[in-house]
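Student: Before we start, here is the structure in question, set down as structure tokens.
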Amino acid sequence: MPFVIILLGLAIELSPAHVVYTGPLLTAMPALASLTMGPTGILSAAAGALSVTVISATLHHSWGDSQAASNILGLLVVTVASVITSNAMRSRRQSELDQVRRISVAAQESILRPVPTWLGPVRAASMYLAAETGAQIGGDLYEAVPTRYGVRMIVGDVRGKGLPAVRAAAAVLGAFREAVHYEDELVEVMDHCAAALRREGDIPGSSDPDGQGEEPGESFVTALLAEVRDSHEVQVVNCGHPPPVRLHRGTAQELLPASPMPPLGLEDLVAGPPAKAESFPFEPGDRLLLHTDGVNEARDSDNRFFPVPEAMEAVPACTPPEFLEALHLGLILHTGGRLADDVAMLVVDRLDEEADGPREKGSGRRVSA
């Protein structure tokens, strides 16, 4: 808008209507530019207004008039004041944004804790990718817990974003972290997660400022539970979630459920078979990737999905954290750096029976795409 007005002022000065006094209008352009632009935009607007003032004074021989000097002086004062004010406002906004981000980081880290590197028979790593730069809060969740039954893991995706999604993720994770230690069956653990979600009423859209809420069935949580014991297999309970991918001797394959089950929150609305755990081979040296749909549904410029199995096969032998970094790079290259959805990934490597690494923490990753 400031540059349109400057061009309009130039048109007036070059037309028979130059008797219209445009000086005060041009002087205000730097202040107008400061509303939406930074110092560069303000200085550009000031330069444009000064150019029109100089052209007008030269064309109409008004340099001897004190008005021209007054216009230039006023333009200088307004420009300096606009730059100073703009910098102060930008600094204040940045400070407020930094504070919000610190709060977001603290809230997210209280929910998604770093996954330990060594978990009994597996070595693990996790990563959370925010779809927007600087974002920290979302509805994707993951966890891996060593229990007397084996290593139990969860990956889930809450429909929606913002604080309602965070509350739903917290409810599911809280129920999972408690139930994994005393429930014999994975199905019972999943039932606890579903019950916690219903009890807390934290599904996004369950309420809104008008008290109307969403229609039943419009909100849900997809979730996948996995359990690795000392045997050479992994048990999986999949409730509407993207299947895990197993890498065995260089070949990746999705572990598709034989009987798909509805997501949490849709059990009463979608008919399906009774939930049950399914077993898949998971031998020493195998790698298992659990992820949210932000991975497999990531699209490139030709609208093609990210090929998860092929991407896993393309990664050379490396540690779990290095593997996730390679997948992260592949996602960024595939999407051109524009993730449409948040991403949570959890990878575990099945160790040999004699392998006994140190029990340490520090493999969690949380970055912005």
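Naming works like this for the structure tokens: A, B, ... for the chains as they're shown, residue 1 at the start of each chain, ligands 1 onward in shown order.
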Write out as a list in words each polymer residue whose atoms come within 8 Å of range 296-307 of chain A, counting only C-alpha atoms; drop sequence neighbours fewer than 3 positions from it.
Tutor: Pro242, Thr292, Asp293, Glu310, Ala311, Leu331, His334, Thr335, Gly336, Leu339, Ala340 and Asp341 of chain A
Student: From the list A:Ile111, A:Ala226, A:Leu129, A:Ala326, which residue is nearest Gly174 in chain A when using only C-alpha atoms?
Tutor: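 Among the listed residues, the smallest separation from Gly174 in chain A belongs to A:Ile111.
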Student: Might you pull out every residue within 12 Å of Arg177 in chain A, with only C-alpha atoms counted and same-chain residues fewer than 2 positions away left off, and present them as a ChimeraX atom specification?
Tutor: /A:111-113,142-147,151-154,170-175,179-183,189-190,192-193,196,225
Student: Find, counting only C-alpha atoms, the residue in A:Ile6, A:Leu289, A:Leu35, A:Val80 that gets nearest to Gly48 in chain A.
Tutor: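 Distance minimum relative to Gly48 in chain A lands on A:Ile6.
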Student: Here is a test: counting only C-alpha atoms, which residue of A:Val166, A:Leu269, A:Leu288, A:Leu324 is nearest to Val234 in chain A?
Tutor: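 Checking each of A:Val166, A:Leu269, A:Leu288, A:Leu324 against Val234 in chain A, counting only C-alpha atoms, the winner is A:Leu288.
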Student: Using DSSP secondary structure from the backbone, list all alpha helix (DSSP H) positions within range 296-349 of chain A, as a PyMOL selection string.
Tutor: chain A and resi 296+308-314+320-335
Student: Closest to Ser279 in chain A among A:Ala47, A:Ala194, A:Val228, A:Leu266, using only C-alpha atoms?
Tutor: A:Val228
Student: At a cut-off of 7 Å, using only C-alpha atoms, what residues contact Pro320 in chain A? Leave out same-chain residues fewer than 4 positions from it and give the result as an mmCIF file with N, CA and C atoms, in the first residue's frame.
Tutor:
data_model
loop_
_atom_site.group_PDB
_atom_site.id
_atom_site.type_symbol
_atom_site.label_atom_id
_atom_site.label_comp_id
_atom_site.auth_asym_id
_atom_site.auth_seq_id
_atom_site.Cartn_x
_atom_site.Cartn_y
_atom_site.Cartn_z
ATOM 1 N N ALA A 124 17.316 -48.315 21.130
ATOM 2 C CA ALA A 124 16.225 -47.483 20.633
ATOM 3 C C ALA A 124 16.656 -46.038 20.408
ATOM 4 N N ALA A 125 15.820 -45.324 19.647
ATOM 5 C CA ALA A 125 15.967 -43.882 19.443
ATOM 6 C C ALA A 125 14.618 -43.333 19.014
ATOM 7 N N LEU A 324 17.533 -42.349 12.229
ATOM 8 C CA LEU A 324 16.455 -41.364 12.248
ATOM 9 C C LEU A 324 16.884 -40.052 11.607
ATOM 10 N N VAL A 347 12.419 -45.964 16.632
ATOM 11 C CA VAL A 347 13.092 -47.082 15.984
ATOM 12 C C VAL A 347 13.786 -47.923 17.049
ATOM 13 N N VAL A 348 13.699 -49.256 16.894
ATOM 14 C CA VAL A 348 14.374 -50.175 17.815
ATOM 15 C C VAL A 348 15.124 -51.219 17.003
#
